[in-house]
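This report refers to the structure that appears directly beneath it.
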Amino acid sequence: MGLGLKWYHFALWIGFIIFMLLMPEMVSKGTLRTIIFANFLAIFAISWDILSGRTGYISFGHPFLIGIGAYTTAILTKRFDVGVEYAIPLAIAMTMIGGTIMFLPALRIKGSYFALVSLAFMELMYQLVQVIRPDLTGGTRGMSGLVTLTRGAVNGYYLSFTIMIIVALSMWLLMRTRLGTALSAIALNEESVKGSGLSPTKLKLFAFMTSAFVAGLGGAFYVHYLGSIAPRALFDINFVFTIIVATLIGGASTIVGPMFGAFFLTFLLEYLRPYLPGAERYLIYGVIALLLYMYQPKGLYQIMINQFNRFKKDEDDG
Amino acid sequence: MVKPLSIKNLVKNFGGLTATDDISFDLEEGQSTGLIGPNGAGKTTIFSQIMGEYRQTSGIIELYGSDISKLSTPARIRLGISRTYQVPRPFSDFSVLENIRVGLMPDSIWKMITQGPNREREIELALSVGFSEDDLQQTPDTLSMGDLRKLEMARTMATNPKIMLLDEVFAGLTVGEINQIAKLIQNMRKENMTFLIVSHDLKALEPLVDDAIAINYGKIIAQGAFSEVISDSAVRTSYLGTE
Ligand SMILES: Nc1ncnc2c1ncn2[C@@H]1O[C@H](COP(=O)(O)OP(=O)(O)O)[C@@H](O)[C@H]1O
Ligand SMILES: [Mg+2]
């Protein structure tokens, strides 16, 4: 498949996985709960990266996709007593249909226009869940008392990490194939993609569906971790920015970058919480993201790569 | 004999302007045809219609005998026709090899995933258009106009065409670079490639073509052997003031 895998790729992934599996031994339950959020944010950031980081179709409406996954499984399990083993796959399938709907405007519009339309998707869904059948959606107050899949921080951590690492690894591998190159090419020059004999429509549809798959998966497991849905927090522009900033400071179009960006950002927000309990801390992380961006536009990922290469060079030099 | 490319009564209107005005011609298998005419004559617009980037107002475009007028650009390319652009359009963040890689990809997501890049072919194509080993990892922002045209050729060749349309291949090139590209075209002619070549540089074009079509204001004004076409009085008049 020409993935260009080297021994150190295996070493780094295995090292990272072992480190993360030992995490419950090393940190407090409180910290573990923070990392659970980081795992879910990582899933959402990876989903965003597959679509927007790669193809350049910037989504400001990712909670639309996450929300479809979350609400579908919540409604199915709570209102219709469907088991999670059916509800979650159905939720993911519904999200992929949502991804296809979000893809339709991308047939005709791009750039900031597409970003605005995607934002409208989120707003529309926010309005709809409040107005249409609040007996099902819980209206403005959302839903609580949903099935939870795990008990306690440690189990919640292992489940969220398992999902996150499977998503991260599989998407990282997928994007190392020629498909990843083709999706990046769309961001660079869609006309030249056509001129190379490739159908951008097919590629974009694949990106939207894959992004939606991951968003739906994350959204569904997230509600079954929380046991509740709060529409105001879900369909919130701050949530959108958290996803985007995590991706950008991590390094867009790299999969691994958004994963680390999600951890970095979650801990940053967590440590700022005592000092800045309100929404001001979003301002602070905006500033930090901007500074990092000015220092290294390709994000933390590139900083790590550069360090690693320097390390390797030292090794080679003896 | 079925013609590789056959154009019949092609018309393209842009509002009140008729950029292509009832143009008909055929390309012959393995032959190279020059398409000449002053700036704004409609040469590029003909290319764009053949490739499906512009839909013609009326007329028929046939590839090996079948009408391709309803096909998308990628579908036409898969049938074996490909073009270069007057202004090169590389993928800006990609290396020379990655640019060629995109051209070599099949239009199948499954095959993109399951089959790795063909590195030997990428390198072979890059070297065949005149890149050196050192150029392979360069990105377009570091390339000269000559190198960008070479890359444009390589990207086009990567789609494995039987018919190539070349738009102003020599514009902005040094004499050395013109010779390089000319040699490349000659080599492909020996391998039976069918060409339609637009160039302002008639001297460079002459040895590369079997015959020529001259157009002005979207109409064919002369057609036949290259030497006859360029000595045609209507063609000479059309070029006055633009050269
Ligand atoms: N997209 C367009 N919209 C309007 N007019 C166009 C467009 N493209 C080309 N034209 C006009 O069509 C005519 C032919 O242009 P073109 O095919 O680029 O000429 P050439 O390649 O022979 O220099 C010109 O008058 C040009 O201004
Ligand atoms: Mg032109």
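Ordering of the structure tokens sets the chain letters (A, B, ...), residue numbers begin anew at 1 in every chain, and ligands are numbered from 1 in the order given.
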Would you kindly return, as a ChimeraX atom specification, each protein, DNA or RNA residue with an atom no farther than 12 Å from any atom of Gln49 of chain B, considering only C-alpha atoms and excluding same-chain residues fewer than 2 positions away? /B:7,10-13,19-20,23,42-47,51-62,68-73,76,83,165
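Backbone DSSP over segment 96-195 of chain B yields strand (DSSP E or B) at Ile163, Met164, Leu165, Leu166, Asp167, Thr194 and Phe195 of chain B.
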Which residues sit within 10 Å of ligand 2, counting only C-alpha atoms and all ligand atoms, listed as a list of chain:residue names? B:Ile36, B:Gly37, B:Pro38, B:Asn39, B:Gly40, B:Ala41, B:Gly42, B:Lys43, B:Thr44, B:Thr45, B:Ile46, B:Phe47, B:Ser48, B:Tyr85, B:Gln86, B:Val87, B:Asp167, B:Glu168, B:Val198, B:Ser199, B:His200
Counting only C-alpha atoms, what is within 7 Å of segment 258-263 of chain A, bar same-chain residues fewer than 6 positions away, as a list in words? Ala38, Leu41, Ala42, Ala45, Ile46, Ala246, Thr247, Ile249, Gly250, Gly251 and Ala252 of chain A
Prev. selection, all heavy atoms, output as a PDB file, in the first residue's frame:
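Result saved to result-v6.pdb:
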```
ATOM      1  N   ALA A  38     -10.492  14.985  26.807  1.00  0.00           N
ATOM      2  CA  ALA A  38      -9.476  15.169  25.768  1.00  0.00           C
ATOM      3  C   ALA A  38      -9.612  14.084  24.696  1.00  0.00           C
ATOM      4  O   ALA A  38      -9.487  14.367  23.506  1.00  0.00           O
ATOM      5  CB  ALA A  38      -8.087  15.148  26.388  1.00  0.00           C
ATOM      6  N   LEU A  41     -12.548  15.043  22.600  1.00  0.00           N
ATOM      7  CA  LEU A  41     -12.205  16.202  21.768  1.00  0.00           C
ATOM      8  C   LEU A  41     -11.269  15.769  20.641  1.00  0.00           C
ATOM      9  O   LEU A  41     -11.383  16.245  19.504  1.00  0.00           O
ATOM     10  CB  LEU A  41     -11.561  17.305  22.621  1.00  0.00           C
ATOM     11  CG  LEU A  41     -11.181  18.569  21.853  1.00  0.00           C
ATOM     12  CD1 LEU A  41     -12.400  19.198  21.157  1.00  0.00           C
ATOM     13  CD2 LEU A  41     -10.525  19.606  22.773  1.00  0.00           C
ATOM     14  N   ALA A  42     -10.355  14.844  20.946  1.00  0.00           N
ATOM     15  CA  ALA A  42      -9.432  14.348  19.914  1.00  0.00           C
ATOM     16  C   ALA A  42     -10.212  13.693  18.780  1.00  0.00           C
ATOM     17  O   ALA A  42      -9.908  13.904  17.601  1.00  0.00           O
ATOM     18  CB  ALA A  42      -8.430  13.372  20.520  1.00  0.00           C
ATOM     19  N   ALA A  45     -11.769  16.428  16.787  1.00  0.00           N
ATOM     20  CA  ALA A  45     -10.753  17.179  16.033  1.00  0.00           C
ATOM     21  C   ALA A  45     -10.264  16.354  14.834  1.00  0.00           C
ATOM     22  O   ALA A  45     -10.054  16.900  13.746  1.00  0.00           O
ATOM     23  CB  ALA A  45      -9.593  17.557  16.950  1.00  0.00           C
ATOM     24  N   ILE A  46     -10.113  15.059  15.034  1.00  0.00           N
ATOM     25  CA  ILE A  46      -9.692  14.194  13.917  1.00  0.00           C
ATOM     26  C   ILE A  46     -10.771  14.201  12.833  1.00  0.00           C
ATOM     27  O   ILE A  46     -10.479  14.292  11.638  1.00  0.00           O
ATOM     28  CB  ILE A  46      -9.393  12.767  14.416  1.00  0.00           C
ATOM     29  CG1 ILE A  46      -8.099  12.762  15.238  1.00  0.00           C
ATOM     30  CG2 ILE A  46      -9.279  11.788  13.245  1.00  0.00           C
ATOM     31  CD1 ILE A  46      -7.843  11.462  15.995  1.00  0.00           C
ATOM     32  N   ALA A 246      -8.030  23.164  18.467  1.00  0.00           N
ATOM     33  CA  ALA A 246      -7.270  21.943  18.791  1.00  0.00           C
ATOM     34  C   ALA A 246      -6.576  21.419  17.536  1.00  0.00           C
ATOM     35  O   ALA A 246      -5.396  21.066  17.559  1.00  0.00           O
ATOM     36  CB  ALA A 246      -8.200  20.877  19.359  1.00  0.00           C
ATOM     37  N   THR A 247      -7.295  21.405  16.428  1.00  0.00           N
ATOM     38  CA  THR A 247      -6.724  20.900  15.177  1.00  0.00           C
ATOM     39  C   THR A 247      -5.584  21.788  14.706  1.00  0.00           C
ATOM     40  O   THR A 247      -4.511  21.300  14.332  1.00  0.00           O
ATOM     41  CB  THR A 247      -7.809  20.838  14.083  1.00  0.00           C
ATOM     42  OG1 THR A 247      -8.940  20.152  14.587  1.00  0.00           O
ATOM     43  CG2 THR A 247      -7.290  20.126  12.845  1.00  0.00           C
ATOM     44  N   ILE A 249      -3.712  24.112  16.358  1.00  0.00           N
ATOM     45  CA  ILE A 249      -2.473  24.160  17.145  1.00  0.00           C
ATOM     46  C   ILE A 249      -1.759  22.812  17.098  1.00  0.00           C
ATOM     47  O   ILE A 249      -0.544  22.757  17.187  1.00  0.00           O
ATOM     48  CB  ILE A 249      -2.666  24.633  18.613  1.00  0.00           C
ATOM     49  CG1 ILE A 249      -3.594  23.723  19.389  1.00  0.00           C
ATOM     50  CG2 ILE A 249      -3.142  26.047  18.694  1.00  0.00           C
ATOM     51  CD1 ILE A 249      -3.754  24.184  20.830  1.00  0.00           C
ATOM     52  N   GLY A 250      -2.504  21.742  16.910  1.00  0.00           N
ATOM     53  CA  GLY A 250      -1.867  20.437  16.777  1.00  0.00           C
ATOM     54  C   GLY A 250      -1.169  20.291  15.436  1.00  0.00           C
ATOM     55  O   GLY A 250      -0.098  19.716  15.333  1.00  0.00           O
ATOM     56  N   GLY A 251      -1.785  20.856  14.404  1.00  0.00           N
ATOM     57  CA  GLY A 251      -1.231  20.731  13.057  1.00  0.00           C
ATOM     58  C   GLY A 251      -2.254  20.102  12.130  1.00  0.00           C
ATOM     59  O   GLY A 251      -2.404  18.880  12.120  1.00  0.00           O
ATOM     60  N   ALA A 252      -2.923  20.937  11.355  1.00  0.00           N
ATOM     61  CA  ALA A 252      -3.990  20.447  10.482  1.00  0.00           C
ATOM     62  C   ALA A 252      -3.447  19.472   9.453  1.00  0.00           C
ATOM     63  O   ALA A 252      -2.273  19.547   9.070  1.00  0.00           O
ATOM     64  CB  ALA A 252      -4.678  21.622   9.782  1.00  0.00           C
TER      65      ALA A 252
END
```
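Straight-line separation from atom CA of Lys194 of chain A to atom CA of Ser82 of chain B: 10.6 Å.
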Please list as a PyMOL selection string every residue within 12 Å of segment 69-84 of chain A, counting only C-alpha atoms and excluding residues in the same chain fewer than 5 positions away. chain A and resi 44+62-64+89-99+125-126+128-129+133-139+142-149+212-231+234-235
For chain B against chain A, with a cut-off of 9 Å and counting only C-alpha atoms, what is the closest atom pair and its distance in Å to one decimal for every residue that makes the cut, ordered by chain and number, as CSV?
```
residue,atom,partner,partner_atom,distance
B:Met51,CA,A:Gly195,CA,8.7
B:Ser72,CA,A:Ser199,CA,8.6
B:Thr73,CA,A:Lys194,CA,6.3
B:Pro74,CA,A:Gly197,CA,4.0
B:Ala75,CA,A:Gly197,CA,6.9
B:Arg76,CA,A:Gly197,CA,7.9
B:Ile77,CA,A:Gly197,CA,5.3
B:Arg78,CA,A:Gly197,CA,6.2
B:Ser82,CA,A:Gly195,CA,7.5
B:Arg83,CA,A:Gly195,CA,7.7
B:Thr84,CA,A:Gly195,CA,8.7
B:Arg89,CA,A:Ser192,CA,6.4
B:Pro90,CA,A:Ser192,CA,7.1
B:Phe91,CA,A:Leu188,CA,5.6
B:Ser92,CA,A:Leu188,CA,6.4
B:Asp93,CA,A:Leu188,CA,7.3
B:Phe94,CA,A:Ala185,CA,8.3
B:Glu98,CA,A:Thr181,CA,7.8
B:Asn99,CA,A:Ala185,CA,8.7
B:Ile100,CA,A:Ser196,CA,8.9
B:Arg101,CA,A:Arg178,CA,8.2
B:Val102,CA,A:Ala182,CA,6.4
B:Gly103,CA,A:Ser196,CA,4.5
B:Leu104,CA,A:Ser196,CA,7.7
B:Met105,CA,A:Leu198,CA,7.7
B:Pro106,CA,A:Leu198,CA,7.3
B:Asp107,CA,A:Leu198,CA,5.0
B:Ser108,CA,A:Leu198,CA,8.3
B:Ile109,CA,A:Leu179,CA,6.6
B:Trp110,CA,A:Leu179,CA,8.7
B:Lys111,CA,A:Arg178,CA,8.8
B:Met112,CA,A:Arg178,CA,5.1
B:Ile113,CA,A:Thr177,CA,5.4
B:Thr114,CA,A:Met1,CA,5.3
B:Gln115,CA,A:Met1,CA,4.8
B:Gly116,CA,A:Met1,CA,4.1
B:Pro117,CA,A:Gly2,CA,6.3
B:Asn118,CA,A:Gly2,CA,8.8
B:Arg155,CA,A:Ser196,CA,7.1
B:Thr156,CA,A:Ser196,CA,7.0
B:Ala158,CA,A:Ser196,CA,8.0
B:Thr159,CA,A:Ser196,CA,6.3
```
Among segment 180-229 of chain A, which residues does DSSP mark as helix (DSSP H, G or I) when it is run on the backbone? Keep the chain and numbering as in the structure and answer as an MDAnalysis selection string. chainID A and resid 180:188 190:195 200:226
Take atom CA of Gln296 of chain A and atom CA of Gly56 of chain A and report the distance between them in Å, one decimal. 19.1 Å
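We find atom CA of Pro88 of chain B and atom CA of Asp141 of chain B to be spaced 11.8 Å apart.
Counting only C-alpha atoms and all ligand atoms, the residue from B:Thr33, B:Ser132, B:Thr139, B:Ser238 that sits nearest to ligand 1 is B:Ser238.
For the choices B:Thr174, B:Thr142, B:Asn192, B:Asn216, the atom-to-atom distance to ligand 1 is smallest for B:Asn216 when using only C-alpha atoms and all ligand atoms.
Comparing B:Ile50, B:Met157, B:Leu35, B:Val129 by their smallest distance to Leu208 of chain B, the closest is B:Leu35 (using only C-alpha atoms).
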Could you pull the residues within 12 Å of segment 275-287 of chain A, counting only C-alpha atoms, minus those fewer than 2 positions along the same chain, as number ranges by chain? A: 237-242, 244-246, 248-249, 261, 264-273, 289-294
What's around segment 221-227 of chain B at 7 Å? Count only C-alpha atoms, leave out sequence neighbours fewer than 5 positions away in its own chain, and write the answer as a ChimeraX atom specification. /B:206,210-216,234-235
Residue contacts of Pro24 of chain A (10 Å, only C-alpha atoms) excluding same-chain residues fewer than 2 positions away, as an mmCIF file with N, CA and C atoms, in the first residue's frame:
```
data_model
loop_
_atom_site.group_PDB
_atom_site.id
_atom_site.type_symbol
_atom_site.label_atom_id
_atom_site.label_comp_id
_atom_site.auth_asym_id
_atom_site.auth_seq_id
_atom_site.Cartn_x
_atom_site.Cartn_y
_atom_site.Cartn_z
ATOM 1 N N PHE A 19 2.025 4.126 27.301
ATOM 2 C CA PHE A 19 1.998 5.263 28.213
ATOM 3 C C PHE A 19 0.552 5.597 28.595
ATOM 4 N N MET A 20 -0.331 5.627 27.599
ATOM 5 C CA MET A 20 -1.722 5.994 27.867
ATOM 6 C C MET A 20 -2.443 4.907 28.663
ATOM 7 N N LEU A 21 -2.066 3.646 28.420
ATOM 8 C CA LEU A 21 -2.717 2.561 29.167
ATOM 9 C C LEU A 21 -2.303 2.574 30.635
ATOM 10 N N LEU A 22 -1.115 3.097 30.899
ATOM 11 C CA LEU A 22 -0.644 3.159 32.285
ATOM 12 C C LEU A 22 -1.172 4.397 33.017
ATOM 13 N N MET A 26 -1.038 6.503 37.128
ATOM 14 C CA MET A 26 -0.151 7.647 37.364
ATOM 15 C C MET A 26 -0.881 8.903 37.826
ATOM 16 N N VAL A 27 -2.147 9.032 37.466
ATOM 17 C CA VAL A 27 -2.803 10.316 37.752
ATOM 18 C C VAL A 27 -4.061 10.099 38.595
ATOM 19 N N SER A 28 -4.560 11.215 39.108
ATOM 20 C CA SER A 28 -5.759 11.169 39.950
ATOM 21 C C SER A 28 -7.002 10.927 39.103
ATOM 22 N N LYS A 29 -8.096 10.575 39.767
ATOM 23 C CA LYS A 29 -9.359 10.361 39.070
ATOM 24 C C LYS A 29 -9.816 11.630 38.362
ATOM 25 N N THR A 31 -7.936 14.062 37.155
ATOM 26 C CA THR A 31 -7.150 14.250 35.929
ATOM 27 C C THR A 31 -7.615 13.271 34.860
ATOM 28 N N LEU A 32 -7.923 12.060 35.296
ATOM 29 C CA LEU A 32 -8.389 11.046 34.363
ATOM 30 C C LEU A 32 -9.667 11.513 33.655
ATOM 31 N N ALA A 153 -14.277 6.479 36.622
ATOM 32 C CA ALA A 153 -13.372 7.199 35.733
ATOM 33 C C ALA A 153 -12.453 6.246 34.976
ATOM 34 N N VAL A 154 -11.985 5.203 35.667
ATOM 35 C CA VAL A 154 -10.989 4.337 35.037
ATOM 36 C C VAL A 154 -11.585 3.627 33.809
ATOM 37 N N ASN A 155 -12.779 3.058 33.994
ATOM 38 C CA ASN A 155 -13.401 2.376 32.862
ATOM 39 C C ASN A 155 -13.761 3.350 31.746
ATOM 40 N N TYR A 157 -12.286 6.011 31.095
ATOM 41 C CA TYR A 157 -11.032 6.379 30.439
ATOM 42 C C TYR A 157 -10.617 5.316 29.423
ATOM 43 N N TYR A 158 -10.639 4.056 29.838
ATOM 44 C CA TYR A 158 -10.206 3.002 28.924
ATOM 45 C C TYR A 158 -11.085 2.943 27.681
#
```
So that each row is one residue of segment 6-93 of chain B with an atom at most 12 Å from segment 184-190 of chain B, can you give its shortest atom pair and the distance in Å to one decimal, using only C-alpha atoms, rows by chain and rising number, as JSON lines?
```
{"residue": "B:Glu29", "atom": "CA", "partner": "B:Arg189", "partner_atom": "CA", "distance": 10.5}
{"residue": "B:Gly30", "atom": "CA", "partner": "B:Arg189", "partner_atom": "CA", "distance": 6.8}
{"residue": "B:Gln31", "atom": "CA", "partner": "B:Arg189", "partner_atom": "CA", "distance": 7.5}
{"residue": "B:Ser32", "atom": "CA", "partner": "B:Arg189", "partner_atom": "CA", "distance": 7.5}
{"residue": "B:Thr33", "atom": "CA", "partner": "B:Arg189", "partner_atom": "CA", "distance": 11.2}
```
